[in-house]
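Student: upload.pdb (PDB, C-alpha atoms) pasted underneath:
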ATOM      1  CA  MET D   1      29.452  75.030 -35.956
ATOM      2  CA  VAL D   2      28.893  72.764 -32.925
ATOM      3  CA  SER D   3      25.760  71.217 -34.403
ATOM      4  CA  ALA D   4      27.618  70.343 -37.617
ATOM      5  CA  ARG D   5      30.197  68.426 -35.570
ATOM      6  CA  VAL D   6      27.457  66.615 -33.666
ATOM      7  CA  PHE D   7      25.793  65.566 -36.922
ATOM      8  CA  ALA D   8      29.140  64.429 -38.334
ATOM      9  CA  VAL D   9      30.071  62.352 -35.266
ATOM     10  CA  ALA D  10      26.649  61.003 -34.236
ATOM     11  CA  PRO D  11      26.005  58.492 -37.076
ATOM     12  CA  PRO D  12      29.359  56.680 -36.709
ATOM     13  CA  ALA D  13      28.992  56.618 -32.908
ATOM     14  CA  LEU D  14      25.486  55.123 -33.164
ATOM     15  CA  ALA D  15      26.725  52.550 -35.670
ATOM     16  CA  ILE D  16      29.509  51.479 -33.288
ATOM     17  CA  LEU D  17      27.039  51.140 -30.404
ATOM     18  CA  ALA D  18      24.651  49.088 -32.518
ATOM     19  CA  LEU D  19      27.389  46.784 -33.813
ATOM     20  CA  SER D  20      28.786  46.248 -30.337
ATOM     21  CA  GLY D  21      25.423  44.963 -29.126
ATOM     22  CA  CYS D  22      24.844  47.859 -26.752
ATOM     23  CA  SER D  23      21.476  48.633 -28.236
ATOM     24  CA  SER D  24      18.562  47.251 -26.251
ATOM     25  CA  TRP D  25      16.162  47.172 -29.209
ATOM     26  CA  GLY D  26      18.082  44.301 -30.846
ATOM     27  CA  CYS D  27      17.922  41.795 -27.979
ATOM     28  CA  THR D  28      15.038  39.315 -27.999
ATOM     29  CA  ASP D  29      14.514  36.039 -26.155
ATOM     30  CA  THR D  30      12.695  33.170 -27.810
ATOM     31  CA  THR D  31      11.959  29.722 -26.406
ATOM     32  CA  ALA D  32      12.088  26.657 -28.633
ATOM     33  CA  GLU D  33       9.049  24.430 -28.904
ATOM     34  CA  ARG D  34       9.316  21.186 -26.953
ATOM     35  CA  GLY D  35       9.723  18.126 -29.167
ATOM     36  CA  LYS D  36       7.734  14.901 -28.917
ATOM     37  CA  ALA D  37       8.948  12.653 -26.102
ATOM     38  CA  ALA D  38       9.749   9.007 -26.799
ATOM     39  CA  ALA D  39      11.941   6.189 -25.533
ATOM     40  CA  ARG D  40      14.277   6.823 -28.489
ATOM     41  CA  VAL D  41      14.775  10.324 -29.927
ATOM     42  CA  GLN D  42      16.927  12.154 -32.445
ATOM     43  CA  VAL D  43      18.493  15.013 -30.477
ATOM     44  CA  VAL D  44      17.819  18.431 -32.035
ATOM     45  CA  ASP D  45      19.160  21.908 -31.375
ATOM     46  CA  THR D  46      16.990  24.882 -30.469
ATOM     47  CA  TYR D  47      16.140  25.415 -34.153
ATOM     48  CA  LYS D  48      14.977  21.754 -34.527
ATOM     49  CA  GLN D  49      18.074  20.911 -36.564
ATOM     50  CA  PRO D  50      19.320  17.332 -35.950
ATOM     51  CA  LEU D  51      22.600  16.975 -34.078
ATOM     52  CA  HIS D  52      23.116  13.470 -35.533
ATOM     53  CA  VAL D  53      22.872  12.002 -32.052
ATOM     54  CA  THR D  54      20.296   9.460 -30.925
ATOM     55  CA  ALA D  55      19.394   9.188 -27.244
ATOM     56  CA  SER D  56      17.463   6.188 -25.995
ATOM     57  CA  VAL D  57      16.224   4.605 -22.791
ATOM     58  CA  VAL D  58      17.813   1.156 -22.654
ATOM     59  CA  ASP D  59      15.729  -0.059 -19.716
ATOM     60  CA  TRP D  60      14.256   1.040 -16.410
ATOM     61  CA  ARG D  61      12.966  -0.517 -13.195
ATOM     62  CA  LEU D  62      11.731   0.418  -9.749
ATOM     63  CA  GLU D  63      14.092  -0.358  -6.899
ATOM     64  CA  PRO D  64      15.495   1.218  -3.748
ATOM     65  CA  HIS D  65      18.352   3.632  -4.328
ATOM     66  CA  PRO D  66      21.498   2.031  -2.831
ATOM     67  CA  GLN D  67      22.442   5.207  -0.934
ATOM     68  CA  VAL D  68      18.999   5.786   0.583
ATOM     69  CA  PRO D  69      17.200   2.418   0.645
ATOM     70  CA  ALA D  70      14.850   3.540   3.428
ATOM     71  CA  GLU D  71      13.200   6.004   1.013
ATOM     72  CA  GLY D  72      11.606   3.152  -0.932
ATOM     73  CA  ASP D  73      11.584   2.624  -4.670
ATOM     74  CA  TRP D  74      13.093   5.072  -7.127
ATOM     75  CA  VAL D  75      13.097   4.877 -10.909
ATOM     76  CA  HIS D  76      16.462   3.446 -11.973
ATOM     77  CA  PHE D  77      17.007   3.866 -15.710
ATOM     78  CA  ARG D  78      19.781   3.234 -18.200
ATOM     79  CA  PHE D  79      20.239   5.432 -21.256
ATOM     80  CA  ARG D  80      22.429   5.502 -24.325
ATOM     81  CA  PHE D  81      23.766   8.264 -26.611
ATOM     82  CA  ASP D  82      24.739   7.117 -30.111
ATOM     83  CA  GLY D  83      26.680   9.554 -32.287
ATOM     84  CA  ALA D  84      27.863  11.858 -29.501
ATOM     85  CA  ASP D  85      31.476  12.865 -29.960
ATOM     86  CA  ALA D  86      33.444  13.436 -26.762
ATOM     87  CA  TYR D  87      35.572  16.003 -28.583
ATOM     88  CA  SER D  88      32.860  18.213 -30.061
ATOM     89  CA  PHE D  89      29.904  18.718 -27.711
ATOM     90  CA  ASP D  90      28.009  17.164 -24.835
ATOM     91  CA  PRO D  91      24.343  16.884 -25.827
ATOM     92  CA  ALA D  92      21.839  16.616 -22.998
ATOM     93  CA  VAL D  93      18.151  15.730 -22.924
ATOM     94  CA  ASP D  94      15.447  15.657 -20.288
ATOM     95  CA  ALA D  95      14.519  12.168 -19.066
ATOM     96  CA  CYS D  96      11.042  11.932 -17.566
ATOM     97  CA  ALA D  97       9.163   9.206 -15.741
ATOM     98  CA  VAL D  98       5.522   9.271 -16.845
ATOM     99  CA  ASP D  99       2.329   7.482 -15.880
ATOM    100  CA  SER D 100       0.036   5.572 -18.258
ATOM    101  CA  ARG D 101      -1.450   8.864 -19.560
ATOM    102  CA  ARG D 102       2.065  10.291 -20.234
ATOM    103  CA  VAL D 103       1.753  12.709 -17.315
ATOM    104  CA  VAL D 104       5.145  13.583 -15.829
ATOM    105  CA  VAL D 105       5.849  12.283 -12.328
ATOM    106  CA  GLY D 106       9.546  13.271 -12.331
ATOM    107  CA  CYS D 107      12.277  14.584 -14.686
ATOM    108  CA  GLN D 108      15.951  15.351 -14.805
ATOM    109  CA  THR D 109      18.510  16.205 -17.465
ATOM    110  CA  VAL D 110      21.028  13.560 -18.572
ATOM    111  CA  SER D 111      24.016  14.231 -20.818
ATOM    112  CA  SER D 112      26.171  12.113 -23.066
ATOM    113  CA  SER D 113      29.149  12.711 -20.763
ATOM    114  CA  GLU D 114      27.294  10.670 -18.128
ATOM    115  CA  ALA D 115      27.307   7.686 -20.485
ATOM    116  CA  PHE D 116      30.503   5.904 -19.502
ATOM    117  CA  GLY D 117      29.209   2.369 -19.089
ATOM    118  CA  PRO D 118      31.205  -0.825 -18.977
ATOM    119  CA  ALA D 119      33.861  -1.485 -21.632
ATOM    120  CA  ASP D 120      31.466  -3.620 -23.702
ATOM    121  CA  ASP D 121      28.955  -0.728 -23.926
ATOM    122  CA  PRO D 122      30.722   2.592 -23.204
ATOM    123  CA  LEU D 123      27.886   4.710 -24.630
ATOM    124  CA  THR D 124      25.477   3.849 -21.810
ATOM    125  CA  GLY D 125      24.898   5.465 -18.459
ATOM    126  CA  ASP D 126      22.404   5.168 -15.649
ATOM    127  CA  ASN D 127      20.598   7.512 -13.340
ATOM    128  CA  TRP D 128      17.871   7.621 -10.691
ATOM    129  CA  LEU D 129      14.619   9.556 -10.478
ATOM    130  CA  ALA D 130      12.886  10.107  -7.154
ATOM    131  CA  VAL D 131       9.107  10.160  -7.623
ATOM    132  CA  ASP D 132       6.271  10.517  -5.134
ATOM    133  CA  HIS D 133       4.314   7.493  -6.368
ATOM    134  CA  PRO D 134       6.656   5.025  -8.077
ATOM    135  CA  GLU D 135       3.806   2.552  -8.616
ATOM    136  CA  GLN D 136       2.318   5.019 -11.138
ATOM    137  CA  VAL D 137       5.368   4.977 -13.437
ATOM    138  CA  ALA D 138       4.567   3.379 -16.792
ATOM    139  CA  ALA D 139       7.590   4.518 -18.848
ATOM    140  CA  VAL D 140      10.708   6.661 -18.962
ATOM    141  CA  LEU D 141      10.739   9.008 -21.957
ATOM    142  CA  LEU D 142      13.323  11.379 -23.395
ATOM    143  CA  ILE D 143      12.607  14.819 -24.828
ATOM    144  CA  PRO D 144      14.657  15.430 -27.993
ATOM    145  CA  ASN D 145      15.569  19.080 -27.344
ATOM    146  CA  ASP D 146      19.258  19.565 -26.543
ATOM    147  CA  GLN D 147      19.586  21.158 -23.103
ATOM    148  CA  SER D 148      23.386  21.432 -23.101
ATOM    149  CA  TYR D 149      23.630  25.105 -24.012
ATOM    150  CA  ASP D 150      21.326  27.878 -22.909
ATOM    151  CA  ARG D 151      22.632  31.279 -23.875
ATOM    152  CA  PRO D 152      22.181  34.227 -21.498
ATOM    153  CA  THR D 153      18.853  36.017 -21.549
ATOM    154  CA  CYS D 154      18.438  39.650 -22.571
ATOM    155  CA  GLU D 155      17.574  40.431 -18.964
ATOM    156  CA  ARG D 156      20.871  38.962 -17.702
ATOM    157  CA  ASP D 157      23.134  40.177 -20.526
ATOM    158  CA  ILE D 158      21.785  42.821 -22.900
ATOM    159  CA  LYS D 159      24.946  42.744 -25.006
ATOM    160  CA  ASP D 160      25.430  38.997 -25.554
ATOM    161  CA  GLY D 161      22.067  37.624 -24.494
ATOM    162  CA  GLY D 162      18.961  36.831 -26.434
ATOM    163  CA  GLY D 163      18.210  34.416 -29.198
ATOM    164  CA  MET D 164      16.650  30.981 -29.081
ATOM    165  CA  HIS D 165      16.630  29.121 -25.752
ATOM    166  CA  PRO D 166      15.810  25.447 -25.111
ATOM    167  CA  PRO D 167      12.268  24.764 -23.899
ATOM    168  CA  GLU D 168      11.631  24.807 -20.166
ATOM    169  CA  PRO D 169      12.013  21.369 -18.599
ATOM    170  CA  PRO D 170       8.652  19.709 -17.971
ATOM    171  CA  GLY D 171       7.333  19.706 -14.433
ATOM    172  CA  ARG D 172       5.271  17.225 -12.509
ATOM    173  CA  GLY D 173       1.783  17.131 -13.931
ATOM    174  CA  ASP D 174       2.763  18.199 -17.462
ATOM    175  CA  ARG D 175       1.576  15.896 -20.211
ATOM    176  CA  LEU D 176       4.080  14.645 -22.743
TER     177      LEU D 176
END
Could you quickly redo this structure as structure tokens?

Tutor:
Amino acid sequence: MVSARVFAVAPPALAILALSGCSSWGCTDTTAERGKAAARVQVVDTYKQPLHVTASVVDWRLEPHPQVPAEGDWVHFRFRFDGADAYSFDPAVDACAVDSRRVVVGCQTVSSSEAFGPADDPLTGDNWLAVDHPEQVAAVLLIPNDQSYDRPTCERDIKDGGGMHPPEPPGRGDRL
């Protein structure tokens, strides 16, 4: 009689566990492929779907950072996000200084919320990149993959983690 009760209760209990995300066999992590870097990119989500936002490097130059001028030249760059809506989401992309062979010499993530330029161009922002050899910088490029949302990994949260994650940010020496 006990085994009949177990068989009657077990399937619904397993179904509840599976639906609640408590099953470890359903959690998988996947990393999106890095998009092609350029000075102007269409921002895409982790599934390469366009977000209808364009990010671009407006200009860049080498100059001492005003807060640490003794450190020498840094890469000072201005960027722009067209199509970003302050009420919906805050797309972010990696901005990288590269040499003439498109080898990364420094990167950091910039988001549309950092673009609060002067009244005549409120979609622009600026930032600074510290690089070891500023004389090697040939361009500042943006990577189109949105970095604004990275869901938890399966390792950190078996119940709500997993799925597609943005690509890892490029490191010094990576070729774009």

Student: Apply the PyMOL selection byres ((chain D and resi 148-152) around 8) to the file shown and report the selected residues as a PyMOL selection string.

Tutor: chain D and resi 90-93+111+146-147+153-154+156-157+160-166

Student: Under the rule of at most 8 Å, produce a per-residue listing of stretch 45-163 of chain D near stretch 167-175 of chain D: chain, number, name, the closest pair of atoms, and the distance in Å, as CSV, using all atoms listed in the file.

Tutor:
residue,atom,partner,partner_atom,distance
D:Asp94,CA,D:Pro169,CA,6.9
D:Arg101,CA,D:Arg175,CA,7.7
D:Arg102,CA,D:Arg175,CA,5.6
D:Val103,CA,D:Arg175,CA,4.3
D:Val104,CA,D:Arg172,CA,4.9
D:Val105,CA,D:Arg172,CA,5.0
D:Gly106,CA,D:Arg172,CA,5.8
D:Cys107,CA,D:Pro170,CA,7.1
D:Asn145,CA,D:Pro167,CA,7.4

Student: Dump C-alpha atoms for the selected residues as a PDB file, in the frame of the given file?

Tutor:
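Dumped everything to selection-v3.pdb:
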ATOM      1  CA  ASP D  94      15.447  15.657 -20.288  1.00  0.00           C
ATOM      2  CA  ARG D 101      -1.450   8.864 -19.560  1.00  0.00           C
ATOM      3  CA  ARG D 102       2.065  10.291 -20.234  1.00  0.00           C
ATOM      4  CA  VAL D 103       1.753  12.709 -17.315  1.00  0.00           C
ATOM      5  CA  VAL D 104       5.145  13.583 -15.829  1.00  0.00           C
ATOM      6  CA  VAL D 105       5.849  12.283 -12.328  1.00  0.00           C
ATOM      7  CA  GLY D 106       9.546  13.271 -12.331  1.00  0.00           C
ATOM      8  CA  CYS D 107      12.277  14.584 -14.686  1.00  0.00           C
ATOM      9  CA  ASN D 145      15.569  19.080 -27.344  1.00  0.00           C
TER      10      ASN D 145
END

Student: Compile the contact shell of D:Val137 as a list in words: residues with an atom at most 7 Å away, counting only C-alpha atoms, same-chain residues fewer than 5 positions apart removed.

Tutor: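 After dropping sequence-adjacent residues, the list is Ala97, Val98 and Asp99 of chain D.
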
Student: Let me see the file: selected residues, C-alpha atoms, as a compact mmCIF listing (two decimals), keeping the file's coordinate frame.

Tutor:
# COMPACT_ATOMS: atom_id res chain seq x y z
CA ALA D 97 9.16 9.21 -15.74
CA VAL D 98 5.52 9.27 -16.84
CA ASP D 99 2.33 7.48 -15.88

Student: Evaluate the PyMOL selection byres ((chain D and resi 81) around 8) against this structure - the residues, as a PyMOL selection string, please.

Tutor: chain D and resi 53-56+79-80+82-84+112+115+123-124

Student: Using only C-alpha atoms, which of D:Asp126, D:Asp59, D:Glu71, D:Glu114 sits nearest D:Val140?

Tutor: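 Selected residue with least distance to D:Val140: D:Asp59.
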
Student: Would you mind telling me which residue in D:Ala139, D:Ala95, D:Leu176, D:Ile158 lies nearest to D:Leu62 when using only C-alpha atoms?

Tutor: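 Ranking D:Ala139, D:Ala95, D:Leu176, D:Ile158 by distance to D:Leu62, first place goes to D:Ala139.
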
Student: Find the residues near D:Val41: any atom within 8 Å, counting all atoms listed in the file, skip ones fewer than 2 places away on the same chain, and give them as a PyMOL selection string.

Tutor: chain D and resi 37-39+43+54-56+142-144

Student: Work out how far atom CA of D:Asp73 is from atom CA of D:Leu141, in Å to one decimal.

Tutor: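 Between atom CA of D:Leu141 and atom CA of D:Asp73 the gap is 18.4 Å.
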
Student: For this structure, which residues satisfy the selection - the PyMOL selection byres ((chain D and resi 130) around 7) - when it is evaluated on the file as given? I want them as a count of residues only.

Tutor: 7

Student: What gap, in Å, lies between atom CA of D:Ser113 and atom CA of D:Val58?

Tutor: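 Rounded to one decimal, the two atoms are 16.3 Å apart.
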
Student: Quick one: of D:Gly26, D:Pro50, D:Gly125, D:Gly117, who's nearest to D:His76, counting all atoms listed in the file?

Tutor: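 Of all the options, D:Gly125 lies closest to D:His76.
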
Student: Calculated over only C-alpha atoms, which of the candidates D:Ala32, D:Ser100, D:Asn127, D:Pro64 has the smallest distance to D:Gln49?

Tutor: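 Looking only at the distances to D:Gln49, the closest residue turns out to be D:Ala32.
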
Student: Interatomic distance between atom CA of D:Thr46 and atom CA of D:Asp29?

Tutor: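 One can read the atom CA of D:Thr46 to atom CA of D:Asp29 distance as 12.2 Å.
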
Student: Let me make sure I understand: among D:Phe89, D:Thr109, D:Pro69, D:Phe77, which one has the smallest atom-to-atom distance to D:Asp45 if we use all atoms listed in the file?

Tutor: D:Phe89
